[in-house]
$ cat protein39.pdb   # PDB, C-alpha atoms
MODEL        1
ATOM      1  CA  MET A   1    -163.069-250.230 -47.428  1.00  0.00           C
ATOM      2  CA  THR A   2    -160.037-248.800 -45.649  1.00  0.00           C
ATOM      3  CA  VAL A   3    -156.405-248.688 -46.762  1.00  0.00           C
ATOM      4  CA  GLN A   4    -155.666-251.194 -43.984  1.00  0.00           C
ATOM      5  CA  GLU A   5    -158.231-253.628 -45.420  1.00  0.00           C
ATOM      6  CA  ILE A   6    -156.693-253.278 -48.888  1.00  0.00           C
ATOM      7  CA  LYS A   7    -153.275-253.956 -47.411  1.00  0.00           C
ATOM      8  CA  ASP A   8    -154.554-257.091 -45.655  1.00  0.00           C
ATOM      9  CA  LEU A   9    -156.547-258.389 -48.635  1.00  0.00           C
ATOM     10  CA  LEU A  10    -153.569-258.039 -50.990  1.00  0.00           C
ATOM     11  CA  ASP A  11    -151.035-259.161 -48.408  1.00  0.00           C
ATOM     12  CA  ALA A  12    -149.264-255.937 -49.319  1.00  0.00           C
ATOM     13  CA  ARG A  13    -146.337-254.116 -47.821  1.00  0.00           C
ATOM     14  CA  LEU A  14    -146.911-250.545 -46.644  1.00  0.00           C
ATOM     15  CA  LEU A  15    -144.145-248.333 -48.049  1.00  0.00           C
ATOM     16  CA  SER A  16    -145.514-244.972 -46.942  1.00  0.00           C
ATOM     17  CA  GLY A  17    -148.464-243.423 -45.163  1.00  0.00           C
ATOM     18  CA  ALA A  18    -149.031-245.418 -41.948  1.00  0.00           C
ATOM     19  CA  GLN A  19    -151.136-242.473 -40.746  1.00  0.00           C
ATOM     20  CA  PHE A  20    -153.587-243.077 -43.606  1.00  0.00           C
ATOM     21  CA  LEU A  21    -154.403-246.735 -42.876  1.00  0.00           C
ATOM     22  CA  ASP A  22    -157.815-245.775 -41.540  1.00  0.00           C
ATOM     23  CA  LYS A  23    -158.693-243.674 -44.581  1.00  0.00           C
ATOM     24  CA  GLU A  24    -161.779-244.808 -46.478  1.00  0.00           C
ATOM     25  CA  VAL A  25    -161.474-245.791 -50.130  1.00  0.00           C
ATOM     26  CA  HIS A  26    -164.708-245.664 -52.155  1.00  0.00           C
ATOM     27  CA  SER A  27    -163.659-246.783 -55.618  1.00  0.00           C
ATOM     28  CA  ALA A  28    -160.779-248.265 -57.558  1.00  0.00           C
ATOM     29  CA  CYS A  29    -159.021-247.927 -60.875  1.00  0.00           C
ATOM     30  CA  GLY A  30    -156.525-250.437 -62.287  1.00  0.00           C
ATOM     31  CA  SER A  31    -154.345-249.285 -65.179  1.00  0.00           C
ATOM     32  CA  ASP A  32    -150.807-248.817 -66.438  1.00  0.00           C
ATOM     33  CA  MET A  33    -151.882-245.978 -68.705  1.00  0.00           C
ATOM     34  CA  MET A  34    -151.886-242.754 -66.730  1.00  0.00           C
ATOM     35  CA  SER A  35    -153.953-240.868 -69.310  1.00  0.00           C
ATOM     36  CA  ASP A  36    -156.697-243.453 -68.885  1.00  0.00           C
ATOM     37  CA  VAL A  37    -156.490-242.939 -65.147  1.00  0.00           C
ATOM     38  CA  LEU A  38    -156.727-239.176 -65.637  1.00  0.00           C
ATOM     39  CA  ALA A  39    -159.961-239.644 -67.593  1.00  0.00           C
ATOM     40  CA  PHE A  40    -161.501-241.282 -64.538  1.00  0.00           C
ATOM     41  CA  VAL A  41    -162.450-239.031 -61.662  1.00  0.00           C
ATOM     42  CA  LYS A  42    -163.891-240.429 -58.486  1.00  0.00           C
ATOM     43  CA  ASP A  43    -163.579-239.348 -54.927  1.00  0.00           C
ATOM     44  CA  GLN A  44    -161.303-241.231 -52.581  1.00  0.00           C
ATOM     45  CA  SER A  45    -159.973-243.789 -55.006  1.00  0.00           C
ATOM     46  CA  VAL A  46    -157.223-246.356 -54.938  1.00  0.00           C
ATOM     47  CA  LEU A  47    -155.047-246.729 -58.038  1.00  0.00           C
ATOM     48  CA  ILE A  48    -153.710-250.199 -58.784  1.00  0.00           C
ATOM     49  CA  THR A  49    -150.843-250.145 -61.277  1.00  0.00           C
ATOM     50  CA  GLY A  50    -147.872-252.048 -62.636  1.00  0.00           C
ATOM     51  CA  LEU A  51    -146.234-248.855 -63.827  1.00  0.00           C
ATOM     52  CA  CYS A  52    -143.508-247.591 -61.563  1.00  0.00           C
ATOM     53  CA  ASN A  53    -142.261-244.078 -62.368  1.00  0.00           C
ATOM     54  CA  PRO A  54    -142.652-240.588 -60.843  1.00  0.00           C
ATOM     55  CA  GLN A  55    -145.591-239.795 -63.141  1.00  0.00           C
ATOM     56  CA  VAL A  56    -147.676-242.378 -61.273  1.00  0.00           C
ATOM     57  CA  ILE A  57    -147.295-240.308 -58.109  1.00  0.00           C
ATOM     58  CA  ARG A  58    -147.993-237.086 -60.050  1.00  0.00           C
ATOM     59  CA  THR A  59    -151.114-238.596 -61.571  1.00  0.00           C
ATOM     60  CA  ALA A  60    -152.296-239.727 -58.144  1.00  0.00           C
ATOM     61  CA  GLU A  61    -151.593-236.266 -56.789  1.00  0.00           C
ATOM     62  CA  MET A  62    -153.613-234.486 -59.495  1.00  0.00           C
ATOM     63  CA  MET A  63    -156.539-236.852 -58.949  1.00  0.00           C
ATOM     64  CA  ASP A  64    -156.533-236.719 -55.133  1.00  0.00           C
ATOM     65  CA  ILE A  65    -155.981-240.473 -55.033  1.00  0.00           C
ATOM     66  CA  VAL A  66    -155.868-241.812 -51.477  1.00  0.00           C
ATOM     67  CA  CYS A  67    -153.788-244.927 -51.980  1.00  0.00           C
ATOM     68  CA  LEU A  68    -151.464-246.397 -54.622  1.00  0.00           C
ATOM     69  CA  VAL A  69    -150.964-250.131 -54.994  1.00  0.00           C
ATOM     70  CA  PHE A  70    -147.996-251.372 -57.021  1.00  0.00           C
ATOM     71  CA  VAL A  71    -148.549-254.910 -58.324  1.00  0.00           C
ATOM     72  CA  ARG A  72    -146.137-257.728 -59.239  1.00  0.00           C
ATOM     73  CA  GLY A  73    -143.883-256.809 -56.339  1.00  0.00           C
ATOM     74  CA  LYS A  74    -142.834-253.484 -57.846  1.00  0.00           C
ATOM     75  CA  VAL A  75    -141.282-251.086 -55.382  1.00  0.00           C
ATOM     76  CA  PRO A  76    -140.972-247.381 -56.165  1.00  0.00           C
ATOM     77  CA  ASP A  77    -137.641-245.687 -55.442  1.00  0.00           C
ATOM     78  CA  ASP A  78    -137.054-243.358 -52.500  1.00  0.00           C
ATOM     79  CA  ASN A  79    -137.764-240.240 -54.545  1.00  0.00           C
ATOM     80  CA  MET A  80    -141.174-241.553 -55.523  1.00  0.00           C
ATOM     81  CA  ILE A  81    -141.958-242.618 -51.971  1.00  0.00           C
ATOM     82  CA  ASN A  82    -140.934-239.199 -50.660  1.00  0.00           C
ATOM     83  CA  LEU A  83    -143.088-237.481 -53.243  1.00  0.00           C
ATOM     84  CA  ALA A  84    -146.065-239.640 -52.278  1.00  0.00           C
ATOM     85  CA  SER A  85    -145.532-239.002 -48.614  1.00  0.00           C
ATOM     86  CA  GLN A  86    -145.370-235.227 -49.180  1.00  0.00           C
ATOM     87  CA  ARG A  87    -148.674-235.473 -51.031  1.00  0.00           C
ATOM     88  CA  ASP A  88    -150.407-237.551 -48.332  1.00  0.00           C
ATOM     89  CA  ILE A  89    -150.755-240.655 -50.512  1.00  0.00           C
ATOM     90  CA  ALA A  90    -150.467-244.125 -48.942  1.00  0.00           C
ATOM     91  CA  VAL A  91    -148.240-246.499 -50.932  1.00  0.00           C
ATOM     92  CA  LEU A  92    -148.600-250.291 -50.950  1.00  0.00           C
ATOM     93  CA  SER A  93    -146.740-252.994 -52.841  1.00  0.00           C
ATOM     94  CA  THR A  94    -148.203-256.458 -53.445  1.00  0.00           C
ATOM     95  CA  GLU A  95    -146.736-259.547 -55.078  1.00  0.00           C
ATOM     96  CA  LEU A  96    -150.068-260.217 -56.813  1.00  0.00           C
ATOM     97  CA  PRO A  97    -150.354-259.467 -60.526  1.00  0.00           C
ATOM     98  CA  MET A  98    -152.797-256.795 -61.702  1.00  0.00           C
ATOM     99  CA  PHE A  99    -155.715-259.060 -62.578  1.00  0.00           C
ATOM    100  CA  SER A 100    -155.589-260.946 -59.298  1.00  0.00           C
ATOM    101  CA  ALA A 101    -155.169-257.810 -57.194  1.00  0.00           C
ATOM    102  CA  CYS A 102    -158.199-256.208 -58.871  1.00  0.00           C
ATOM    103  CA  GLY A 103    -160.181-259.448 -58.531  1.00  0.00           C
ATOM    104  CA  VAL A 104    -159.491-259.750 -54.821  1.00  0.00           C
ATOM    105  CA  LEU A 105    -160.592-256.162 -54.161  1.00  0.00           C
ATOM    106  CA  TYR A 106    -163.663-256.488 -56.392  1.00  0.00           C
ATOM    107  CA  ASN A 107    -164.622-259.680 -54.637  1.00  0.00           C
ATOM    108  CA  ALA A 108    -164.374-257.867 -51.321  1.00  0.00           C
ATOM    109  CA  GLY A 109    -166.883-255.274 -52.537  1.00  0.00           C
ATOM    110  CA  LEU A 110    -164.747-252.503 -54.006  1.00  0.00           C
ATOM    111  CA  ARG A 111    -166.072-251.158 -57.306  1.00  0.00           C
ATOM    112  CA  GLY A 112    -164.670-249.181 -60.220  1.00  0.00           C
ATOM    113  CA  GLY A 113    -165.976-246.029 -61.818  1.00  0.00           C
ATOM    114  CA  ALA A 114    -168.133-247.707 -64.435  1.00  0.00           C
ATOM    115  CA  SER A 115    -170.756-250.400 -64.132  1.00  0.00           C
ATOM    116  CA  ILE A 116    -172.493-252.690 -66.595  1.00  0.00           C
ATOM    117  CA  GLY A 117    -176.105-253.774 -66.514  1.00  0.00           C
TER
ATOM    118  CA  MET B 118    -157.817-203.175 -57.543  1.00  0.00           C
ATOM    119  CA  ASP B 119    -155.767-205.969 -59.036  1.00  0.00           C
ATOM    120  CA  ASP B 120    -157.313-209.182 -57.775  1.00  0.00           C
ATOM    121  CA  LYS B 121    -155.614-211.497 -60.248  1.00  0.00           C
ATOM    122  CA  ILE B 122    -152.808-213.898 -59.474  1.00  0.00           C
ATOM    123  CA  VAL B 123    -150.448-214.658 -62.354  1.00  0.00           C
ATOM    124  CA  LEU B 124    -148.095-217.653 -62.211  1.00  0.00           C
ATOM    125  CA  LYS B 125    -145.489-218.407 -64.866  1.00  0.00           C
ATOM    126  CA  TYR B 126    -143.576-221.621 -65.452  1.00  0.00           C
ATOM    127  CA  THR B 127    -141.000-222.893 -67.898  1.00  0.00           C
ATOM    128  CA  VAL B 128    -141.369-226.571 -68.777  1.00  0.00           C
ATOM    129  CA  SER B 129    -138.013-228.133 -69.580  1.00  0.00           C
ATOM    130  CA  PRO B 130    -137.800-230.446 -72.578  1.00  0.00           C
ATOM    131  CA  ASP B 131    -136.996-234.152 -72.311  1.00  0.00           C
ATOM    132  CA  ASP B 132    -137.175-234.202 -68.553  1.00  0.00           C
ATOM    133  CA  PHE B 133    -139.980-236.625 -68.040  1.00  0.00           C
ATOM    134  CA  THR B 134    -139.247-237.228 -64.367  1.00  0.00           C
ATOM    135  CA  ARG B 135    -139.861-233.565 -63.570  1.00  0.00           C
ATOM    136  CA  ALA B 136    -142.958-233.175 -65.733  1.00  0.00           C
ATOM    137  CA  GLY B 137    -145.863-232.225 -63.531  1.00  0.00           C
ATOM    138  CA  GLU B 138    -143.968-229.964 -61.154  1.00  0.00           C
ATOM    139  CA  ALA B 139    -145.648-226.834 -62.493  1.00  0.00           C
ATOM    140  CA  SER B 140    -149.107-228.424 -62.213  1.00  0.00           C
ATOM    141  CA  SER B 141    -148.311-229.592 -58.720  1.00  0.00           C
ATOM    142  CA  ASN B 142    -147.304-226.071 -57.770  1.00  0.00           C
ATOM    143  CA  VAL B 143    -150.513-224.591 -59.231  1.00  0.00           C
ATOM    144  CA  LYS B 144    -152.602-227.217 -57.470  1.00  0.00           C
ATOM    145  CA  ALA B 145    -151.024-226.321 -54.118  1.00  0.00           C
ATOM    146  CA  LYS B 146    -151.575-222.620 -54.769  1.00  0.00           C
ATOM    147  CA  LEU B 147    -155.256-223.085 -55.710  1.00  0.00           C
ATOM    148  CA  LYS B 148    -155.850-225.184 -52.607  1.00  0.00           C
ATOM    149  CA  GLN B 149    -154.096-222.618 -50.443  1.00  0.00           C
ATOM    150  CA  ILE B 150    -156.304-219.749 -51.630  1.00  0.00           C
ATOM    151  CA  GLY B 151    -159.432-221.787 -50.971  1.00  0.00           C
ATOM    152  CA  VAL B 152    -160.593-222.760 -54.474  1.00  0.00           C
ATOM    153  CA  PRO B 153    -163.237-225.557 -54.271  1.00  0.00           C
ATOM    154  CA  PRO B 154    -161.608-229.037 -54.451  1.00  0.00           C
ATOM    155  CA  GLU B 155    -163.434-230.144 -57.640  1.00  0.00           C
ATOM    156  CA  VAL B 156    -162.305-226.973 -59.432  1.00  0.00           C
ATOM    157  CA  VAL B 157    -158.745-227.523 -58.202  1.00  0.00           C
ATOM    158  CA  ARG B 158    -158.803-231.086 -59.510  1.00  0.00           C
ATOM    159  CA  LYS B 159    -160.149-230.082 -62.936  1.00  0.00           C
ATOM    160  CA  ALA B 160    -157.497-227.391 -63.341  1.00  0.00           C
ATOM    161  CA  ALA B 161    -154.710-229.651 -62.062  1.00  0.00           C
ATOM    162  CA  ILE B 162    -155.557-232.545 -64.393  1.00  0.00           C
ATOM    163  CA  ALA B 163    -156.053-230.313 -67.442  1.00  0.00           C
ATOM    164  CA  MET B 164    -152.783-228.520 -66.842  1.00  0.00           C
ATOM    165  CA  TYR B 165    -150.889-231.724 -66.054  1.00  0.00           C
ATOM    166  CA  GLU B 166    -151.942-233.320 -69.354  1.00  0.00           C
ATOM    167  CA  GLY B 167    -150.861-230.134 -71.113  1.00  0.00           C
ATOM    168  CA  GLU B 168    -147.539-230.137 -69.341  1.00  0.00           C
ATOM    169  CA  ILE B 169    -146.927-233.786 -70.280  1.00  0.00           C
ATOM    170  CA  ASN B 170    -147.827-232.974 -73.907  1.00  0.00           C
ATOM    171  CA  MET B 171    -145.253-230.186 -73.941  1.00  0.00           C
ATOM    172  CA  VAL B 172    -142.541-232.568 -72.774  1.00  0.00           C
ATOM    173  CA  ILE B 173    -143.531-235.337 -75.211  1.00  0.00           C
ATOM    174  CA  HIS B 174    -144.261-233.343 -78.342  1.00  0.00           C
ATOM    175  CA  ALA B 175    -142.949-229.809 -78.145  1.00  0.00           C
ATOM    176  CA  ASN B 176    -139.540-229.569 -76.477  1.00  0.00           C
ATOM    177  CA  GLY B 177    -141.068-227.931 -73.451  1.00  0.00           C
ATOM    178  CA  GLY B 178    -142.565-224.464 -73.366  1.00  0.00           C
ATOM    179  CA  GLU B 179    -144.051-221.753 -71.202  1.00  0.00           C
ATOM    180  CA  ILE B 180    -147.164-221.956 -69.043  1.00  0.00           C
ATOM    181  CA  THR B 181    -149.003-218.925 -67.707  1.00  0.00           C
ATOM    182  CA  VAL B 182    -151.763-219.404 -65.176  1.00  0.00           C
ATOM    183  CA  THR B 183    -154.046-216.512 -64.303  1.00  0.00           C
ATOM    184  CA  ILE B 184    -156.340-216.917 -61.335  1.00  0.00           C
ATOM    185  CA  SER B 185    -159.216-214.469 -60.989  1.00  0.00           C
ATOM    186  CA  PRO B 186    -162.247-214.670 -58.685  1.00  0.00           C
ATOM    187  CA  GLU B 187    -164.308-215.956 -61.654  1.00  0.00           C
ATOM    188  CA  ASP B 188    -161.997-218.398 -63.384  1.00  0.00           C
ATOM    189  CA  ILE B 189    -158.612-219.988 -63.898  1.00  0.00           C
ATOM    190  CA  THR B 190    -156.975-219.440 -67.297  1.00  0.00           C
ATOM    191  CA  ILE B 191    -154.116-221.715 -68.296  1.00  0.00           C
ATOM    192  CA  VAL B 192    -152.106-220.793 -71.393  1.00  0.00           C
ATOM    193  CA  LEU B 193    -149.628-223.402 -72.621  1.00  0.00           C
ATOM    194  CA  ALA B 194    -147.360-221.981 -75.307  1.00  0.00           C
ATOM    195  CA  ASP B 195    -144.700-223.937 -77.144  1.00  0.00           C
ATOM    196  CA  THR B 196    -142.495-223.507 -80.194  1.00  0.00           C
ATOM    197  CA  GLY B 197    -142.822-227.169 -81.166  1.00  0.00           C
ATOM    198  CA  PRO B 198    -143.762-228.716 -84.501  1.00  0.00           C
ATOM    199  CA  GLY B 199    -147.456-227.734 -84.398  1.00  0.00           C
ATOM    200  CA  ILE B 200    -150.442-230.083 -84.758  1.00  0.00           C
ATOM    201  CA  PRO B 201    -151.102-231.106 -88.402  1.00  0.00           C
ATOM    202  CA  ASP B 202    -154.714-232.156 -87.843  1.00  0.00           C
ATOM    203  CA  VAL B 203    -156.322-230.760 -84.696  1.00  0.00           C
ATOM    204  CA  GLU B 204    -159.600-232.617 -85.227  1.00  0.00           C
ATOM    205  CA  LYS B 205    -157.755-235.921 -85.371  1.00  0.00           C
ATOM    206  CA  ALA B 206    -155.617-235.025 -82.359  1.00  0.00           C
ATOM    207  CA  MET B 207    -158.820-234.378 -80.401  1.00  0.00           C
ATOM    208  CA  GLN B 208    -160.095-237.922 -81.020  1.00  0.00           C
ATOM    209  CA  ALA B 209    -159.835-240.173 -77.982  1.00  0.00           C
ATOM    210  CA  GLY B 210    -157.218-242.817 -78.677  1.00  0.00           C
ATOM    211  CA  PHE B 211    -155.410-241.022 -81.486  1.00  0.00           C
ATOM    212  CA  SER B 212    -151.750-240.625 -80.632  1.00  0.00           C
ATOM    213  CA  THR B 213    -148.489-239.765 -82.344  1.00  0.00           C
ATOM    214  CA  ALA B 214    -146.411-240.328 -79.211  1.00  0.00           C
ATOM    215  CA  PRO B 215    -143.434-242.667 -79.617  1.00  0.00           C
ATOM    216  CA  ASP B 216    -143.389-246.128 -78.009  1.00  0.00           C
ATOM    217  CA  ASN B 217    -140.972-245.092 -75.271  1.00  0.00           C
ATOM    218  CA  ILE B 218    -143.617-242.639 -74.048  1.00  0.00           C
ATOM    219  CA  ARG B 219    -146.232-245.384 -73.957  1.00  0.00           C
ATOM    220  CA  ASN B 220    -143.899-247.378 -71.732  1.00  0.00           C
ATOM    221  CA  LEU B 221    -143.985-244.426 -69.352  1.00  0.00           C
ATOM    222  CA  GLY B 222    -147.779-244.559 -69.093  1.00  0.00           C
ATOM    223  CA  PHE B 223    -148.719-241.841 -71.575  1.00  0.00           C
ATOM    224  CA  GLY B 224    -149.394-241.706 -75.295  1.00  0.00           C
ATOM    225  CA  ALA B 225    -152.820-243.355 -75.033  1.00  0.00           C
ATOM    226  CA  GLY B 226    -154.318-240.586 -77.132  1.00  0.00           C
ATOM    227  CA  MET B 227    -156.207-239.148 -74.173  1.00  0.00           C
ATOM    228  CA  GLY B 228    -154.195-235.979 -73.513  1.00  0.00           C
ATOM    229  CA  LEU B 229    -156.128-233.410 -75.541  1.00  0.00           C
ATOM    230  CA  PRO B 230    -159.519-235.121 -74.955  1.00  0.00           C
ATOM    231  CA  ASN B 231    -158.858-235.039 -71.208  1.00  0.00           C
ATOM    232  CA  MET B 232    -157.823-231.388 -71.371  1.00  0.00           C
ATOM    233  CA  LYS B 233    -161.071-230.568 -73.140  1.00  0.00           C
ATOM    234  CA  LYS B 234    -163.085-232.693 -70.730  1.00  0.00           C
ATOM    235  CA  TYR B 235    -161.770-230.914 -67.643  1.00  0.00           C
ATOM    236  CA  SER B 236    -161.778-227.358 -68.953  1.00  0.00           C
ATOM    237  CA  ASP B 237    -164.893-225.257 -69.525  1.00  0.00           C
ATOM    238  CA  ILE B 238    -163.406-223.541 -72.580  1.00  0.00           C
ATOM    239  CA  MET B 239    -160.475-224.784 -74.634  1.00  0.00           C
ATOM    240  CA  ASN B 240    -158.883-223.194 -77.659  1.00  0.00           C
ATOM    241  CA  ILE B 241    -156.001-224.528 -79.750  1.00  0.00           C
ATOM    242  CA  ASP B 242    -153.983-222.163 -81.901  1.00  0.00           C
ATOM    243  CA  THR B 243    -151.392-224.067 -83.894  1.00  0.00           C
ATOM    244  CA  THR B 244    -149.130-223.402 -86.873  1.00  0.00           C
ATOM    245  CA  LEU B 245    -146.956-226.116 -88.391  1.00  0.00           C
ATOM    246  CA  GLY B 246    -143.295-225.471 -87.750  1.00  0.00           C
ATOM    247  CA  VAL B 247    -144.042-222.510 -85.498  1.00  0.00           C
ATOM    248  CA  GLY B 248    -145.740-223.854 -82.418  1.00  0.00           C
ATOM    249  CA  THR B 249    -148.941-224.390 -80.499  1.00  0.00           C
ATOM    250  CA  THR B 250    -150.757-222.357 -77.893  1.00  0.00           C
ATOM    251  CA  VAL B 251    -153.505-224.059 -75.938  1.00  0.00           C
ATOM    252  CA  THR B 252    -155.726-221.885 -73.789  1.00  0.00           C
ATOM    253  CA  MET B 253    -157.960-223.468 -71.185  1.00  0.00           C
ATOM    254  CA  VAL B 254    -160.448-221.725 -68.938  1.00  0.00           C
ATOM    255  CA  ILE B 255    -161.917-223.369 -65.856  1.00  0.00           C
ATOM    256  CA  HIS B 256    -164.749-221.529 -64.139  1.00  0.00           C
ATOM    257  CA  MET B 257    -164.709-221.267 -60.370  1.00  0.00           C
ATOM    258  CA  GLN B 258    -168.206-222.738 -60.254  1.00  0.00           C
TER
ENDMDL
END
$ encode --input "protein39.pdb" --output "structure tokens"
Amino acid sequence: MTVQEIKDLLDARLLSGAQFLDKEVHSACGSDMMSDVLAFVKDQSVLITGLCNPQVIRTAEMMDIVCLVFVRGKVPDDNMINLASQRDIAVLSTELPMFSACGVLYNAGLRGGASIG
Amino acid sequence: MDDKIVLKYTVSPDDFTRAGEASSNVKAKLKQIGVPPEVVRKAAIAMYEGEINMVIHANGGEITVTISPEDITIVLADTGPGIPDVEKAMQAGFSTAPDNIRNLGFGAGMGLPNMKKYSDIMNIDTTLGVGTTVTMVIHMQ
């Protein structure tokens, strides 16, 4: 799935990283707890979160996350957007709540780090 | 021949918005000198969790990163309160972080476990009322 597809599926606004719309995303993680995110390492992931502070961008940076999705219409401030853009991270904002955003992406075939059964 | 790179950082206390700058700087440096991406990521995450811990628990501190051809050694030294029960602190989910930290996305009790997970060797030297020094070594391969 590409960043563009995520944007379309979530009816999201692109806040930064138009040049990364074609980037492939292979897995997803949805959490407001950054330490839980940091325990999860996958290549080329998207992070879906309702948390909106500079540590979200830092966490994404440390993990080489390709794309950040802020749920419930949250919009990071200019400093956060600048930081993300310096670190080559695409930033989206969707009106959907966390559960729905994750459900839509899961339904479209995106998977998380763990599986059951 | 001296083939080691030594980087030193001071982590300021109570400045949560800036926490992670040192780790970000180290990550950029490791990438620039051609360290394999998975090694860079391990070192960056381990150091970042350590840096966050220093801000939350220890009033900041000093970080020294030594990069050699064989490994990356990260020493996080603080003069904070010390860790009363290291074994407990190492348990996933155990946290003494205040609620305001949880609202910021940390304090899930995953800091030290994550640091251990991403480093090849980790040592904690702590004395109550004196401070804590965490040493982490990440091998280049």
$ atom_distance --input "protein39.pdb" --atom1 "atom CA of Lys146 of chain B" --atom2 "atom CA of Lys233 of chain B"
22.2 Å
$ resolve_selection --input "protein39.pdb" --expression "the ChimeraX specification (/B :<7) & /A" --output "PyMOL selection string"
chain A and resi 32-36+38-39+51+54-55+58+62-63
$ axis_aligned_box --input "protein39.pdb" --around "segment 77-81 of chain A" --padding-each-side "5 Å" --output "lines of an AutoDock Vina configuration file"
center_x = -139.5
center_y = -243.0
center_z = -53.7
size_x = 14.9
size_y = 15.4
size_z = 13.6
$ closest_residue --input "protein39.pdb" --among "B:Asp188, B:Asp131, B:Glu168, B:Glu179" --to "Ser236 of chain B" --atoms "only C-alpha atoms"
B:Asp188
$ closest_atom_pairs --input "protein39.pdb" --of "segment 15-88 of chain A" --to "segment 106-113 of chain A" --cutoff "8 Å" --atoms "all atoms listed in the file" --output "JSON lines"
{"residue": "A:His26", "atom": "CA", "partner": "A:Leu110", "partner_atom": "CA", "distance": 7.1}
{"residue": "A:Ser27", "atom": "CA", "partner": "A:Arg111", "partner_atom": "CA", "distance": 5.3}
{"residue": "A:Ala28", "atom": "CA", "partner": "A:Gly112", "partner_atom": "CA", "distance": 4.8}
{"residue": "A:Cys29", "atom": "CA", "partner": "A:Gly112", "partner_atom": "CA", "distance": 5.8}
{"residue": "A:Phe40", "atom": "CA", "partner": "A:Gly113", "partner_atom": "CA", "distance": 7.1}
{"residue": "A:Val41", "atom": "CA", "partner": "A:Gly113", "partner_atom": "CA", "distance": 7.8}
{"residue": "A:Lys42", "atom": "CA", "partner": "A:Gly113", "partner_atom": "CA", "distance": 6.8}
$ atom_distance --input "protein39.pdb" --atom1 "atom CA of Lys7 of chain A" --atom2 "atom CA of Arg87 of chain A"
19.4 Å
$ resolve_selection --input "protein39.pdb" --expression "the PyMOL selection byres ((chain B and resi 245) around 12)" --output "list in words"
Ala175, Asp195, Thr196, Gly197, Pro198, Gly199, Ile200, Pro201, Asp202, Val203, Asp242, Thr243, Thr244, Gly246, Val247, Gly248, Thr249 and Thr250 of chain B
$ residues_around --input "protein39.pdb" --residues "Leu68 of chain A" --least-positions-apart "6" --cutoff "6 Å" --atoms "only C-alpha atoms" --output "PyMOL selection string"
chain A and resi 46-47+91
$ atom_distance --input "protein39.pdb" --atom1 "atom CA of Met253 of chain B" --atom2 "atom CA of Cys67 of chain A"
29.1 Å
$ resolve_selection --input "protein39.pdb" --expression "the PyMOL selection byres ((chain A and resi 44) around 6)" --output "PyMOL selection string"
chain A and resi 25-26+43+45+65-66
$ closest_residue --input "protein39.pdb" --among "A:Val56, A:Val69, A:Ile48, A:Ile89" --to "Arg13 of chain A" --atoms "all atoms listed in the file"
A:Val69
$ residues_around --input "protein39.pdb" --residues "Asp88 of chain A" --least-positions-apart "4" --cutoff "10 Å" --atoms "all atoms listed in the file" --output "compact mmCIF listing (two decimals) with C-alpha atoms, keeping the file's coordinate frame"
# COMPACT_ATOMS: atom_id res chain seq x y z
CA SER A 16 -145.51 -244.97 -46.94
CA GLY A 17 -148.46 -243.42 -45.16
CA GLN A 19 -151.14 -242.47 -40.75
CA PHE A 20 -153.59 -243.08 -43.61
CA GLU A 61 -151.59 -236.27 -56.79
CA ASP A 64 -156.53 -236.72 -55.13
CA ILE A 65 -155.98 -240.47 -55.03
CA VAL A 66 -155.87 -241.81 -51.48
CA CYS A 67 -153.79 -244.93 -51.98
CA ASN A 82 -140.93 -239.20 -50.66
CA LEU A 83 -143.09 -237.48 -53.24
CA ALA A 84 -146.06 -239.64 -52.28
$ closest_residue --input "protein39.pdb" --among "B:Val143, B:Leu124, B:Met171, B:Ile255" --to "Asp237 of chain B" --atoms "all atoms listed in the file"
B:Ile255
$ closest_residue --input "protein39.pdb" --among "A:Val37, A:Val3, A:Leu15, A:Ala90" --to "Gly73 of chain A" --atoms "all atoms listed in the file"
A:Leu15
$ closest_residue --input "protein39.pdb" --among "B:Ile241, B:Ala214, B:Met257, B:Leu147" --to "Val123 of chain B" --atoms "only C-alpha atoms"
B:Leu147
$ decode --input "protein39.pdb" --residues "segment 53-60 of chain A" --atoms "N, CA and C atoms" --output "short mmCIF file (atom, residue, chain, number, x, y, z; two decimals), in the first residue's frame"
data_model
loop_
_atom_site.label_atom_id
_atom_site.label_comp_id
_atom_site.auth_asym_id
_atom_site.auth_seq_id
_atom_site.Cartn_x
_atom_site.Cartn_y
_atom_site.Cartn_z
N ASN A 53 2.40 15.43 19.87
CA ASN A 53 3.48 16.25 20.44
C ASN A 53 4.80 15.91 19.72
N PRO A 54 5.85 16.71 19.94
CA PRO A 54 7.08 16.51 19.16
C PRO A 54 7.69 15.11 19.31
N GLN A 55 7.39 14.44 20.43
CA GLN A 55 7.97 13.11 20.64
C GLN A 55 7.39 12.07 19.66
N VAL A 56 6.23 12.36 19.10
CA VAL A 56 5.69 11.46 18.07
C VAL A 56 6.60 11.49 16.84
N ILE A 57 7.03 12.69 16.48
CA ILE A 57 7.91 12.82 15.31
C ILE A 57 9.27 12.17 15.62
N ARG A 58 9.77 12.42 16.85
CA ARG A 58 11.05 11.82 17.25
C ARG A 58 10.97 10.29 17.21
N THR A 59 9.88 9.77 17.74
CA THR A 59 9.71 8.31 17.75
C THR A 59 9.71 7.79 16.31
N ALA A 60 8.96 8.46 15.45
CA ALA A 60 8.90 8.05 14.05
C ALA A 60 10.27 8.11 13.41
#
